[in-house]
file input.cif (mmCIF, C-alpha atoms and all ligand atoms)
data_input
loop_
_atom_site.label_atom_id
_atom_site.label_comp_id
_atom_site.auth_asym_id
_atom_site.auth_seq_id
_atom_site.Cartn_x
_atom_site.Cartn_y
_atom_site.Cartn_z
CA MET A 1 36.98 -32.67 19.72
CA ARG A 2 39.66 -31.45 17.30
CA THR A 3 42.24 -33.17 15.09
CA GLN A 4 44.30 -32.29 12.04
CA VAL A 5 42.88 -34.95 9.67
CA ALA A 6 39.45 -36.54 10.14
CA ILE A 7 39.28 -39.90 8.36
CA ILE A 8 35.88 -41.44 7.57
CA GLY A 9 36.17 -45.23 7.28
CA SER A 10 38.41 -47.86 8.84
CA GLY A 11 39.03 -49.98 5.75
CA PRO A 12 42.45 -50.31 4.10
CA SER A 13 42.38 -46.71 2.79
CA GLY A 14 41.55 -45.11 6.12
CA LEU A 15 43.87 -47.32 8.16
CA LEU A 16 46.86 -46.93 5.82
CA LEU A 17 46.42 -43.16 5.59
CA GLY A 18 45.92 -42.90 9.34
CA GLN A 19 49.11 -44.82 10.07
CA LEU A 20 51.29 -42.80 7.71
CA LEU A 21 49.90 -39.58 9.23
CA THR A 22 50.45 -40.82 12.80
CA ASP A 23 54.04 -41.83 12.02
CA ALA A 24 54.60 -38.35 10.51
CA GLY A 25 53.31 -36.72 13.72
CA ILE A 26 50.08 -35.53 12.08
CA ASP A 27 47.12 -36.03 14.39
CA ASN A 28 44.16 -37.95 12.95
CA VAL A 29 40.96 -39.65 14.08
CA ILE A 30 39.14 -42.42 12.21
CA LEU A 31 35.33 -42.52 12.40
CA GLU A 32 33.98 -45.97 11.51
CA ARG A 33 30.34 -46.91 11.21
CA ALA A 34 30.75 -50.60 11.98
CA THR A 35 32.38 -52.59 14.74
CA GLN A 36 36.02 -53.66 14.45
CA ASP A 37 34.94 -57.29 14.16
CA TYR A 38 32.56 -56.48 11.30
CA VAL A 39 35.31 -54.72 9.35
CA LEU A 40 37.65 -57.65 9.94
CA GLY A 41 34.96 -60.13 8.94
CA ARG A 42 34.77 -58.94 5.33
CA ILE A 43 36.45 -61.28 2.81
CA ARG A 44 37.72 -59.24 -0.12
CA ALA A 45 40.93 -58.75 -2.07
CA GLY A 46 43.83 -61.13 -2.22
CA VAL A 47 46.64 -59.73 -4.39
CA LEU A 48 49.02 -56.91 -3.38
CA GLU A 49 51.15 -54.96 -5.83
CA GLU A 50 54.71 -54.20 -4.71
CA GLY A 51 53.64 -50.55 -4.27
CA MET A 52 50.99 -51.53 -1.71
CA ALA A 53 53.37 -53.96 0.01
CA GLY A 54 56.00 -51.21 0.24
CA MET A 55 53.49 -48.84 1.84
CA LEU A 56 52.59 -51.47 4.43
CA ASP A 57 56.31 -51.68 5.26
CA GLU A 58 56.49 -47.86 5.45
CA ALA A 59 53.51 -47.88 7.82
CA GLY A 60 55.29 -50.42 10.05
CA ALA A 61 52.61 -53.01 9.29
CA GLY A 62 54.36 -55.19 6.72
CA ALA A 63 56.24 -57.77 8.85
CA ARG A 64 53.54 -60.49 8.82
CA MET A 65 52.80 -59.89 5.14
CA ARG A 66 56.51 -60.41 4.37
CA ARG A 67 56.52 -63.56 6.57
CA GLU A 68 53.22 -65.14 5.57
CA GLY A 69 52.39 -63.56 2.21
CA LEU A 70 53.04 -65.63 -0.92
CA PRO A 71 55.22 -63.92 -3.56
CA HIS A 72 53.91 -64.90 -6.99
CA ASP A 73 56.11 -64.53 -10.09
CA GLY A 74 53.36 -65.43 -12.55
CA PHE A 75 49.84 -66.69 -13.11
CA ASP A 76 48.09 -68.99 -15.57
CA LEU A 77 45.58 -68.11 -18.24
CA THR A 78 43.46 -71.03 -19.42
CA PHE A 79 41.42 -70.88 -22.63
CA SER A 80 40.56 -73.25 -25.48
CA ALA A 81 41.38 -76.16 -23.12
CA ARG A 82 44.99 -74.98 -22.82
CA HIS A 83 47.21 -73.27 -20.23
CA HIS A 84 49.50 -70.33 -20.79
CA ARG A 85 51.62 -68.88 -17.99
CA ILE A 86 52.17 -65.13 -17.79
CA ASP A 87 55.71 -64.79 -16.45
CA LEU A 88 55.25 -61.61 -14.43
CA PHE A 89 58.78 -61.54 -13.04
CA GLY A 90 60.46 -62.53 -16.29
CA LEU A 91 58.55 -59.86 -18.21
CA THR A 92 58.65 -57.02 -15.67
CA GLY A 93 61.19 -57.85 -12.95
CA LYS A 94 58.35 -57.54 -10.42
CA HIS A 95 56.06 -59.95 -8.59
CA VAL A 96 52.82 -59.65 -6.63
CA ILE A 97 52.14 -60.89 -3.11
CA VAL A 98 49.11 -63.02 -2.32
CA TYR A 99 47.93 -61.88 1.12
CA GLY A 100 44.28 -61.39 2.03
CA GLN A 101 42.81 -57.92 2.58
CA THR A 102 41.45 -59.18 5.89
CA GLU A 103 45.06 -59.71 7.05
CA VAL A 104 46.12 -56.30 5.71
CA THR A 105 43.30 -54.73 7.71
CA ARG A 106 44.22 -56.70 10.83
CA ASP A 107 47.89 -55.72 10.59
CA LEU A 108 47.02 -52.03 10.15
CA MET A 109 44.55 -52.14 13.06
CA ASP A 110 47.19 -53.75 15.30
CA ARG A 111 49.74 -51.12 14.27
CA ARG A 112 47.25 -48.31 14.97
CA ALA A 113 46.61 -49.70 18.44
CA GLN A 114 50.38 -49.94 19.10
CA THR A 115 50.92 -46.30 18.11
CA GLY A 116 47.91 -44.89 19.96
CA GLY A 117 45.79 -44.00 16.92
CA VAL A 118 42.19 -43.07 17.79
CA THR A 119 39.39 -44.93 16.00
CA VAL A 120 35.77 -44.32 16.94
CA TYR A 121 33.82 -47.48 16.06
CA GLU A 122 30.04 -47.62 15.71
CA ALA A 123 29.96 -43.93 14.82
CA ALA A 124 26.47 -43.34 13.41
CA ASN A 125 25.30 -40.78 10.84
CA VAL A 126 28.80 -39.58 10.02
CA GLN A 127 28.65 -36.45 7.86
CA PRO A 128 31.43 -34.22 6.45
CA ARG A 129 30.56 -30.53 6.97
CA ASP A 130 31.81 -27.08 5.85
CA PHE A 131 34.64 -28.59 3.80
CA ASP A 132 34.45 -25.65 1.36
CA GLY A 133 35.74 -23.37 4.10
CA ALA A 134 38.84 -23.36 6.30
CA GLN A 135 37.03 -24.83 9.31
CA PRO A 136 35.67 -28.20 8.17
CA TYR A 137 34.25 -30.62 10.67
CA VAL A 138 32.55 -34.00 10.78
CA THR A 139 29.44 -34.78 12.80
CA TYR A 140 28.57 -38.21 14.11
CA GLU A 141 26.40 -39.80 16.75
CA GLN A 142 27.37 -42.25 19.43
CA ASP A 143 25.07 -43.51 22.16
CA GLY A 144 22.48 -41.06 20.87
CA ILE A 145 24.74 -38.05 21.44
CA GLU A 146 25.86 -35.91 18.49
CA HIS A 147 29.55 -35.08 18.36
CA ARG A 148 31.58 -32.66 16.26
CA LEU A 149 35.13 -33.42 15.14
CA TYR A 150 36.81 -30.20 13.99
CA CYS A 151 39.74 -30.65 11.64
CA ASP A 152 41.89 -29.14 8.89
CA PHE A 153 41.15 -31.87 6.33
CA ILE A 154 38.60 -34.67 5.83
CA ALA A 155 39.63 -37.92 4.10
CA GLY A 156 36.58 -39.74 2.73
CA CYS A 157 37.80 -43.34 2.99
CA ASP A 158 34.26 -44.62 3.43
CA GLY A 159 33.92 -46.89 0.41
CA TYR A 160 31.37 -46.98 -2.38
CA HIS A 161 28.33 -46.60 -0.13
CA GLY A 162 29.76 -44.05 2.30
CA PRO A 163 28.62 -40.44 2.94
CA SER A 164 31.62 -38.58 1.51
CA ARG A 165 30.83 -38.90 -2.20
CA LYS A 166 27.14 -38.39 -1.46
CA ALA A 167 28.00 -35.13 0.30
CA VAL A 168 29.39 -33.67 -2.95
CA GLU A 169 26.74 -34.90 -5.38
CA GLY A 170 25.34 -31.95 -7.31
CA ARG A 171 28.44 -29.87 -6.51
CA GLY A 172 30.37 -30.49 -9.71
CA LEU A 173 30.77 -34.21 -9.17
CA GLU A 174 30.84 -36.20 -12.44
CA THR A 175 30.51 -40.00 -12.42
CA PHE A 176 31.37 -42.62 -15.01
CA GLU A 177 30.01 -46.15 -14.72
CA ARG A 178 29.79 -49.51 -16.45
CA VAL A 179 27.72 -52.21 -14.72
CA TYR A 180 28.50 -55.74 -15.89
CA PRO A 181 25.68 -58.22 -16.64
CA PHE A 182 27.06 -60.84 -14.26
CA GLY A 183 28.58 -61.27 -10.79
CA TRP A 184 31.20 -63.41 -9.08
CA LEU A 185 30.20 -66.26 -6.80
CA GLY A 186 33.16 -66.76 -4.48
CA ILE A 187 33.99 -69.37 -1.86
CA VAL A 188 36.72 -69.86 0.70
CA ALA A 189 37.61 -73.44 1.68
CA ASP A 190 40.33 -74.92 3.84
CA VAL A 191 41.72 -77.09 1.06
CA PRO A 192 45.11 -76.79 -0.68
CA PRO A 193 44.99 -74.61 -3.80
CA VAL A 194 44.77 -76.49 -7.11
CA SER A 195 47.92 -74.69 -8.29
CA HIS A 196 50.78 -72.79 -6.62
CA GLU A 197 49.84 -69.77 -8.78
CA LEU A 198 46.52 -68.13 -9.69
CA ILE A 199 44.53 -69.44 -12.66
CA TYR A 200 42.28 -67.08 -14.67
CA SER A 201 40.01 -69.16 -16.91
CA ASN A 202 38.09 -68.08 -20.03
CA HIS A 203 35.42 -70.69 -20.79
CA PRO A 204 32.18 -70.71 -22.83
CA ARG A 205 30.33 -71.55 -19.57
CA GLY A 206 31.81 -68.45 -17.92
CA PHE A 207 34.87 -67.09 -16.18
CA ALA A 208 36.52 -68.88 -13.26
CA LEU A 209 39.38 -67.87 -10.97
CA CYS A 210 41.48 -70.14 -8.77
CA SER A 211 43.16 -68.13 -6.03
CA MET A 212 44.27 -68.71 -2.47
CA ARG A 213 44.89 -67.20 0.96
CA SER A 214 47.67 -69.62 1.97
CA ASN A 215 49.01 -73.06 1.00
CA THR A 216 46.12 -74.60 2.94
CA ARG A 217 43.27 -72.17 2.20
CA SER A 218 41.80 -71.67 -1.29
CA ARG A 219 39.72 -68.83 -2.72
CA TYR A 220 37.71 -69.71 -5.84
CA TYR A 221 35.27 -67.74 -7.99
CA VAL A 222 32.91 -68.51 -10.86
CA GLN A 223 31.09 -65.95 -12.99
CA CYS A 224 27.36 -66.15 -12.30
CA ALA A 225 24.13 -64.47 -13.42
CA LEU A 226 23.11 -61.37 -11.47
CA ASP A 227 19.89 -63.02 -10.23
CA GLU A 228 21.69 -66.03 -8.75
CA LYS A 229 21.19 -66.74 -5.04
CA VAL A 230 23.93 -68.14 -2.83
CA GLU A 231 21.46 -70.62 -1.31
CA GLU A 232 20.99 -72.12 -4.80
CA TRP A 233 24.70 -73.00 -4.86
CA PRO A 234 25.40 -75.88 -2.48
CA ASP A 235 29.12 -76.69 -2.31
CA GLU A 236 28.83 -79.68 -4.64
CA ARG A 237 27.28 -77.53 -7.36
CA PHE A 238 30.08 -75.00 -7.02
CA TRP A 239 32.84 -77.61 -7.20
CA ASP A 240 31.24 -79.27 -10.24
CA GLU A 241 30.89 -75.92 -12.05
CA ILE A 242 34.38 -74.62 -11.45
CA ARG A 243 35.91 -77.93 -12.53
CA ARG A 244 33.86 -77.77 -15.77
CA ARG A 245 35.44 -74.39 -16.52
CA LEU A 246 39.03 -75.62 -16.18
CA PRO A 247 41.22 -77.85 -18.39
CA THR A 248 40.70 -81.52 -17.51
CA GLU A 249 44.15 -82.07 -16.03
CA THR A 250 43.61 -79.15 -13.68
CA ALA A 251 40.05 -80.06 -12.72
CA GLU A 252 41.04 -83.63 -11.89
CA LYS A 253 43.60 -82.55 -9.31
CA MET A 254 41.37 -80.02 -7.53
CA THR A 255 40.85 -80.79 -3.83
CA THR A 256 37.32 -79.97 -2.76
CA GLY A 257 35.84 -79.52 0.71
CA PRO A 258 33.26 -77.60 2.73
CA SER A 259 33.11 -73.86 2.09
CA ILE A 260 33.72 -71.59 5.10
CA GLU A 261 32.52 -68.51 3.22
CA LYS A 262 30.33 -68.14 0.16
CA SER A 263 29.03 -64.90 -1.37
CA ILE A 264 28.07 -63.18 -4.62
CA ALA A 265 29.54 -59.81 -5.56
CA PRO A 266 28.28 -57.64 -8.44
CA LEU A 267 30.85 -56.19 -10.87
CA ARG A 268 31.06 -52.59 -11.90
CA SER A 269 33.54 -50.02 -13.20
CA PHE A 270 32.99 -46.65 -11.57
CA VAL A 271 34.89 -43.37 -11.27
CA ALA A 272 33.86 -40.12 -9.56
CA GLU A 273 35.60 -36.92 -10.61
CA PRO A 274 37.11 -34.85 -9.18
CA MET A 275 38.44 -36.53 -6.01
CA ARG A 276 38.82 -33.27 -4.10
CA PHE A 277 36.25 -30.74 -2.90
CA GLY A 278 37.88 -28.01 -0.85
CA ARG A 279 39.14 -29.68 2.31
CA LEU A 280 37.39 -33.01 1.55
CA PHE A 281 39.28 -35.71 -0.36
CA LEU A 282 37.73 -38.90 -1.78
CA VAL A 283 40.01 -41.92 -1.37
CA GLY A 284 39.84 -45.55 -2.56
CA ASP A 285 36.42 -47.11 -3.16
CA ALA A 286 34.72 -43.83 -2.18
CA ALA A 287 36.01 -42.50 -5.53
CA HIS A 288 36.35 -45.55 -7.78
CA ILE A 289 35.42 -49.18 -8.21
CA VAL A 290 36.97 -51.74 -10.54
CA PRO A 291 35.78 -55.26 -11.36
CA PRO A 292 38.10 -57.55 -9.32
CA THR A 293 39.33 -59.31 -12.49
CA GLY A 294 42.53 -57.27 -12.52
CA ALA A 295 43.07 -57.34 -8.72
CA LYS A 296 43.30 -53.52 -8.69
CA GLY A 297 40.71 -52.29 -6.14
CA LEU A 298 42.78 -52.52 -2.99
CA ASN A 299 45.93 -51.50 -4.85
CA LEU A 300 44.36 -48.31 -6.23
CA ALA A 301 43.41 -47.32 -2.68
CA ALA A 302 47.13 -47.50 -1.87
CA SER A 303 48.20 -45.09 -4.61
CA ASP A 304 45.44 -42.64 -3.63
CA VAL A 305 46.76 -42.76 -0.07
CA ARG A 306 50.31 -42.16 -1.29
CA TYR A 307 49.38 -39.02 -3.16
CA LEU A 308 47.15 -37.64 -0.40
CA PHE A 309 49.58 -38.39 2.42
CA ASP A 310 52.47 -36.75 0.54
CA GLY A 311 50.31 -33.66 -0.09
CA VAL A 312 49.11 -33.35 3.52
CA ARG A 313 52.60 -33.89 4.91
CA GLU A 314 53.90 -31.13 2.56
CA HIS A 315 51.10 -28.82 3.77
CA TYR A 316 52.23 -29.10 7.38
CA ALA A 317 55.97 -29.53 6.94
CA GLU A 318 56.64 -27.09 4.10
CA LYS A 319 53.56 -24.86 4.29
CA SER A 320 52.90 -25.76 0.65
CA ASP A 321 49.63 -26.95 -0.87
CA ALA A 322 51.22 -27.96 -4.18
CA GLY A 323 50.70 -31.68 -3.48
CA ILE A 324 47.15 -31.24 -2.25
CA ASP A 325 46.29 -29.13 -5.29
CA VAL A 326 47.33 -31.90 -7.71
CA TYR A 327 45.95 -34.84 -5.66
CA SER A 328 42.84 -35.38 -7.75
CA GLN A 329 44.48 -35.21 -11.17
CA ARG A 330 47.45 -37.36 -10.08
CA ALA A 331 45.19 -40.00 -8.54
CA LEU A 332 42.77 -40.03 -11.48
CA ARG A 333 45.53 -40.62 -14.04
CA ARG A 334 46.50 -43.87 -12.31
CA VAL A 335 42.86 -44.73 -11.53
CA TRP A 336 41.79 -44.51 -15.17
CA LYS A 337 44.67 -46.69 -16.36
CA ALA A 338 43.72 -49.33 -13.82
CA GLU A 339 40.05 -48.94 -14.83
CA ARG A 340 41.05 -49.58 -18.44
CA PHE A 341 43.07 -52.68 -17.57
CA SER A 342 40.34 -54.09 -15.32
CA TRP A 343 37.70 -53.41 -18.00
CA TRP A 344 39.86 -55.06 -20.66
CA MET A 345 40.60 -58.13 -18.48
CA THR A 346 36.89 -58.45 -17.64
CA ASN A 347 35.81 -58.17 -21.29
CA THR A 348 38.43 -60.70 -22.39
CA MET A 349 37.79 -63.31 -19.70
CA HIS A 350 34.01 -63.31 -19.14
CA CYS A 351 31.14 -64.72 -21.18
CA PHE A 352 28.79 -61.82 -22.06
CA PRO A 353 25.12 -62.62 -22.76
CA GLU A 354 25.11 -61.11 -26.25
CA GLN A 355 28.59 -62.20 -27.39
CA GLY A 356 27.59 -65.47 -29.09
CA ALA A 357 29.98 -67.96 -30.71
CA PHE A 358 31.73 -65.20 -32.65
CA GLY A 359 32.48 -63.27 -29.48
CA GLN A 360 33.85 -66.39 -27.79
CA ARG A 361 36.19 -67.00 -30.72
CA ILE A 362 37.38 -63.40 -30.66
CA GLN A 363 38.24 -63.75 -26.94
CA GLU A 364 40.09 -67.00 -27.61
CA ALA A 365 41.95 -65.40 -30.53
CA GLU A 366 42.95 -62.44 -28.33
CA LEU A 367 44.30 -64.82 -25.67
CA ASP A 368 46.04 -66.96 -28.31
CA TYR A 369 47.70 -63.84 -29.72
CA LEU A 370 48.68 -62.71 -26.23
CA ALA A 371 50.20 -66.13 -25.46
CA GLY A 372 52.37 -65.89 -28.55
CA SER A 373 53.43 -62.24 -28.22
CA VAL A 374 56.08 -61.01 -25.79
CA ALA A 375 54.86 -57.46 -26.41
CA ALA A 376 51.23 -58.29 -25.60
CA SER A 377 52.16 -60.44 -22.58
CA THR A 378 54.44 -57.70 -21.29
CA SER A 379 51.60 -55.19 -21.55
CA LEU A 380 49.35 -57.45 -19.50
CA ALA A 381 52.12 -58.20 -17.00
CA GLU A 382 53.10 -54.57 -16.38
CA ASN A 383 49.49 -53.64 -15.71
CA TYR A 384 48.93 -56.64 -13.45
CA VAL A 385 52.02 -56.01 -11.25
CA GLY A 386 50.97 -52.36 -11.05
CA LEU A 387 51.86 -49.28 -13.08
CA PRO A 388 54.23 -46.76 -11.45
CA TYR A 389 52.80 -44.34 -8.86
P1 LIG B 401 36.30 -50.17 2.05
O1 LIG B 401 34.91 -50.31 1.49
O2 LIG B 401 37.13 -51.38 2.24
O3 LIG B 401 36.21 -49.48 3.49
C1 LIG B 401 35.30 -48.43 3.73
C2 LIG B 401 35.07 -48.34 5.23
O4 LIG B 401 34.20 -47.22 5.47
C3 LIG B 401 34.36 -49.58 5.78
O5 LIG B 401 35.00 -50.03 6.95
C4 LIG B 401 32.95 -49.08 6.05
O6 LIG B 401 32.33 -49.73 7.16
C5 LIG B 401 33.20 -47.62 6.37
N1 LIG B 401 32.00 -46.80 6.17
C6 LIG B 401 31.08 -46.90 5.19
N2 LIG B 401 30.08 -46.00 5.39
C7 LIG B 401 30.39 -45.31 6.53
C8 LIG B 401 29.77 -44.26 7.27
N3 LIG B 401 28.59 -43.78 6.90
N4 LIG B 401 30.38 -43.82 8.39
C9 LIG B 401 31.58 -44.33 8.78
N5 LIG B 401 32.21 -45.33 8.14
C10 LIG B 401 31.62 -45.81 7.03
N6 LIG B 401 39.62 -55.74 -4.69
C11 LIG B 401 40.60 -56.51 -5.21
O7 LIG B 401 41.68 -55.99 -5.52
N7 LIG B 401 40.41 -57.88 -5.38
C12 LIG B 401 39.23 -58.49 -5.00
O8 LIG B 401 39.07 -59.69 -5.16
C13 LIG B 401 38.19 -57.72 -4.45
N8 LIG B 401 37.01 -58.30 -4.04
C14 LIG B 401 36.01 -57.50 -3.54
C15 LIG B 401 34.77 -58.05 -3.12
C16 LIG B 401 33.74 -57.24 -2.62
C17 LIG B 401 32.42 -57.87 -2.20
C18 LIG B 401 33.93 -55.85 -2.53
C19 LIG B 401 32.82 -54.95 -2.02
C20 LIG B 401 35.16 -55.29 -2.91
C21 LIG B 401 36.19 -56.11 -3.41
N9 LIG B 401 37.44 -55.58 -3.80
C22 LIG B 401 38.43 -56.33 -4.32
C23 LIG B 401 37.68 -54.19 -3.67
C24 LIG B 401 38.07 -53.91 -2.24
O9 LIG B 401 39.13 -54.73 -1.87
C25 LIG B 401 38.33 -52.44 -2.15
O10 LIG B 401 39.13 -51.97 -3.21
C26 LIG B 401 38.95 -52.04 -0.84
O11 LIG B 401 38.17 -52.55 0.21
C27 LIG B 401 39.02 -50.51 -0.82
O12 LIG B 401 39.29 -50.12 0.46
P2 LIG B 401 38.61 -48.79 1.07
O13 LIG B 401 38.73 -47.69 0.08
O14 LIG B 401 39.19 -48.64 2.42
O15 LIG B 401 37.04 -49.11 1.15
C1 LIG B 402 41.36 -63.09 -4.56
O1 LIG B 402 42.22 -63.91 -4.16
O2 LIG B 402 40.36 -62.78 -3.86
C2 LIG B 402 41.51 -62.47 -5.91
C3 LIG B 402 42.70 -62.64 -6.60
C4 LIG B 402 42.85 -62.06 -7.86
C5 LIG B 402 41.79 -61.34 -8.41
C6 LIG B 402 40.60 -61.18 -7.71
C7 LIG B 402 40.45 -61.76 -6.46
O3 LIG B 402 41.93 -60.78 -9.64
#

call {"tool": "encode", "arguments": {"input": "input.cif", "output": "structure tokens"}}
result
Amino acid sequence: MRTQVAIIGSGPSGLLLGQLLTDAGIDNVILERATQDYVLGRIRAGVLEEGMAGMLDEAGAGARMRREGLPHDGFDLTFSARHHRIDLFGLTGKHVIVYGQTEVTRDLMDRRAQTGGVTVYEAANVQPRDFDGAQPYVTYEQDGIEHRLYCDFIAGCDGYHGPSRKAVEGRGLETFERVYPFGWLGIVADVPPVSHELIYSNHPRGFALCSMRSNTRSRYYVQCALDEKVEEWPDERFWDEIRRRLPTETAEKMTTGPSIEKSIAPLRSFVAEPMRFGRLFLVGDAAHIVPPTGAKGLNLAASDVRYLFDGVREHYAEKSDAGIDVYSQRALRRVWKAERFSWWMTNTMHCFPEQGAFGQRIQEAELDYLAGSVAASTSLAENYVGLPY
């Protein structure tokens, strides 16, 4: 089998890249390890920057997001038993859109089916090959038979645990990592959100986040120890804990109910450099991970896709590799600024084991300063809505 671009992974990165390529007349095939239902079953991100939303529109997959997504002009910080609203739109002229990654994935999958894009699900042992030369290919197995997909380029959109980054380890790959000493215990419940906007809470007991998927479905998180087990967190314990981490007037109006999803995710900051090896390109979580505190993970995948798509389109349309040649350094500049913001937000909002009472006061002082400074609030706001591509 032969295509122009072989894409490994059918998450947001692979699907968005695949759709832009298809719409530009550039043939591509997605090889996905899991089933379509498994990919759709993952509960992940919830906040889209305008850049990501615009790319969904460009890919012809933005109509439902525009109809059902919730534009948010601000969010609340709570600390020292007080609220402070960050006026995203007032400070930056931009907003974010609350719309679950599951729905983004579904919309892109539907669009791919409408436009005849080929996705091979349950592709086993996918491996990028010969990407240093001009004849790269990808091998995979299906029903016990090994297949070869010859191509011009390989896009490694296979996430943190995928084969693409592993294939270039020891070949000049440099990684940078910070693992945080806590995780996030998250639940989804079909109850109305406690507030019409997100609430990020700094509390001596630990961080908490009040988010949503719609006006009838809430998404909540509490910081938890890394050795916590989901089965040790019955719903009642979760509801009690998150309400203890919020100002009283907020906690008292929280609607609780049975969780329909509950899981613990570890937090890390991670970057792999460079993001290009010959004809292989690392995209999205395959190249970088951010703690979800800044809502950047999914949105960074979008800017990677923008840069790579523009470079590949230029290769075919203008016989120029200028865009491809600068992909890695362009992507990494935006990646590192989002890494910095996500690291800063995580350090400011979470309770670290060794921080002590002094550390808690420093965090509260930072947030108090931020609440009183247009300059500091604008800095937070412009990072949260997304820095320019
Ligand atoms: P993905 O990991 O989404 O997709 C990779 C795809 O490659 C998957 O479909 C996988 O099955 C496939 N794959 C893997 N190995 C393969 C192989 N060997 N062969 C073929 N296919 C293979 N971001 C936020 O902004 N906010 C959040 O709240 C948030 N919460 C998160 C919670 C969790 C538990 C995780 C893991 C991530 C979270 N993220 C969050 C980040 C997340 O949204 C990612 O940024 C986003 O999924 C990145 O998309 P992709 O790069 O497509 O990677
Ligand atoms: C979510 O709704 O899942 C979400 C929102 C904002 C974040 C992280 C997660 O910063």

call {"tool": "residues_near_point", "arguments": {"input": "input.cif", "point": "(52.2, -65.8, -26.0)", "cutoff": "12 Å", "atoms": "only C-alpha atoms", "output": "PyMOL selection string"}}
result
chain A and resi 76-77+83-87+91+365-381

call {"tool": "closest_atom_pairs", "arguments": {"input": "input.cif", "of": "chain A", "to": "ligand LIG 402 (chain B)", "cutoff": "8 Å", "atoms": "all atoms listed in the file", "output": "CSV"}}
result
residue,atom,partner,partner_atom,distance
A:Ile43,CA,B:LIG402,O2,7.9
A:Arg44,CA,B:LIG402,O2,5.8
A:Ala45,CA,B:LIG402,O2,4.4
A:Gly46,CA,B:LIG402,O1,3.8
A:Val47,CA,B:LIG402,C3,5.4
A:Val98,CA,B:LIG402,O1,7.2
A:Gly100,CA,B:LIG402,O1,7.0
A:Leu198,CA,B:LIG402,C4,7.3
A:Leu209,CA,B:LIG402,C5,7.4
A:Cys210,CA,B:LIG402,O1,7.8
A:Ser211,CA,B:LIG402,O1,4.7
A:Met212,CA,B:LIG402,O1,5.5
A:Arg213,CA,B:LIG402,O1,6.6
A:Arg219,CA,B:LIG402,O1,5.7
A:Tyr220,CA,B:LIG402,O1,7.5
A:Pro292,CA,B:LIG402,C6,4.7
A:Thr293,CA,B:LIG402,O3,4.1
A:Gly294,CA,B:LIG402,O3,4.6
A:Ala295,CA,B:LIG402,O3,3.7
A:Lys296,CA,B:LIG402,O3,7.4

call {"tool": "residues_near_ligand", "arguments": {"input": "input.cif", "ligand": "ligand LIG 401 (chain B)", "cutoff": "7 Å", "atoms": "all atoms listed in the file", "output": "PyMOL selection string"}}
result
chain A and resi 8-14+31-34+39+43-47+101+123-126+157-163+265+283-286+289+292+295-299+301

call {"tool": "axis_aligned_box", "arguments": {"input": "input.cif", "around": "stretch 156-171 of chain A", "padding_each_side": "8 Å", "output": "AutoDock Vina command-line options"}}
result
--center_x 31.6 --center_y -38.4 --center_z -1.9 --size_x 28.5 --size_y 33.1 --size_z 26.7

call {"tool": "atom_distance", "arguments": {"input": "input.cif", "atom1": "atom CA of A:Asp132", "atom2": "atom CA of A:Arg334"}}
result
25.8 Å

call {"tool": "residues_near_point", "arguments": {"input": "input.cif", "point": "(33.9, -32.8, 5.1)", "cutoff": "12 Å", "atoms": "all atoms listed in the file", "output": "ChimeraX atom specification"}}
result
/A:5-8,126-140,148-158,163-168,276-282

call {"tool": "atom_distance", "arguments": {"input": "input.cif", "atom1": "atom CA of A:Gln329", "atom2": "atom CA of A:Leu308"}}
result
11.4 Å

call {"tool": "build_atoms", "arguments": {"input": "input.cif", "residues": "stretch 370-376 of chain A", "atoms": "N, CA, C and O atoms", "output": "PDB file, in the frame of the given file"}}
result
ATOM      1  N   LEU A 370      47.953 -63.156 -27.419  1.00  0.00           N
ATOM      2  CA  LEU A 370      48.680 -62.710 -26.230  1.00  0.00           C
ATOM      3  C   LEU A 370      49.716 -63.764 -25.819  1.00  0.00           C
ATOM      4  O   LEU A 370      50.875 -63.466 -25.515  1.00  0.00           O
ATOM      5  N   ALA A 371      49.295 -65.032 -25.876  1.00  0.00           N
ATOM      6  CA  ALA A 371      50.200 -66.130 -25.460  1.00  0.00           C
ATOM      7  C   ALA A 371      51.419 -66.216 -26.359  1.00  0.00           C
ATOM      8  O   ALA A 371      52.496 -66.612 -25.917  1.00  0.00           O
ATOM      9  N   GLY A 372      51.260 -65.777 -27.605  1.00  0.00           N
ATOM     10  CA  GLY A 372      52.370 -65.890 -28.550  1.00  0.00           C
ATOM     11  C   GLY A 372      53.155 -64.597 -28.740  1.00  0.00           C
ATOM     12  O   GLY A 372      54.090 -64.547 -29.537  1.00  0.00           O
ATOM     13  N   SER A 373      52.777 -63.544 -28.013  1.00  0.00           N
ATOM     14  CA  SER A 373      53.430 -62.240 -28.220  1.00  0.00           C
ATOM     15  C   SER A 373      54.069 -61.734 -26.933  1.00  0.00           C
ATOM     16  O   SER A 373      53.376 -61.485 -25.933  1.00  0.00           O
ATOM     17  N   VAL A 374      55.384 -61.562 -26.969  1.00  0.00           N
ATOM     18  CA  VAL A 374      56.080 -61.010 -25.790  1.00  0.00           C
ATOM     19  C   VAL A 374      55.570 -59.600 -25.522  1.00  0.00           C
ATOM     20  O   VAL A 374      55.333 -59.205 -24.378  1.00  0.00           O
ATOM     21  N   ALA A 375      55.332 -58.849 -26.597  1.00  0.00           N
ATOM     22  CA  ALA A 375      54.860 -57.460 -26.410  1.00  0.00           C
ATOM     23  C   ALA A 375      53.497 -57.443 -25.720  1.00  0.00           C
ATOM     24  O   ALA A 375      53.292 -56.722 -24.742  1.00  0.00           O
ATOM     25  N   ALA A 376      52.584 -58.293 -26.188  1.00  0.00           N
ATOM     26  CA  ALA A 376      51.230 -58.290 -25.600  1.00  0.00           C
ATOM     27  C   ALA A 376      51.274 -58.840 -24.170  1.00  0.00           C
ATOM     28  O   ALA A 376      50.611 -58.315 -23.277  1.00  0.00           O
TER      29      ALA A 376
END
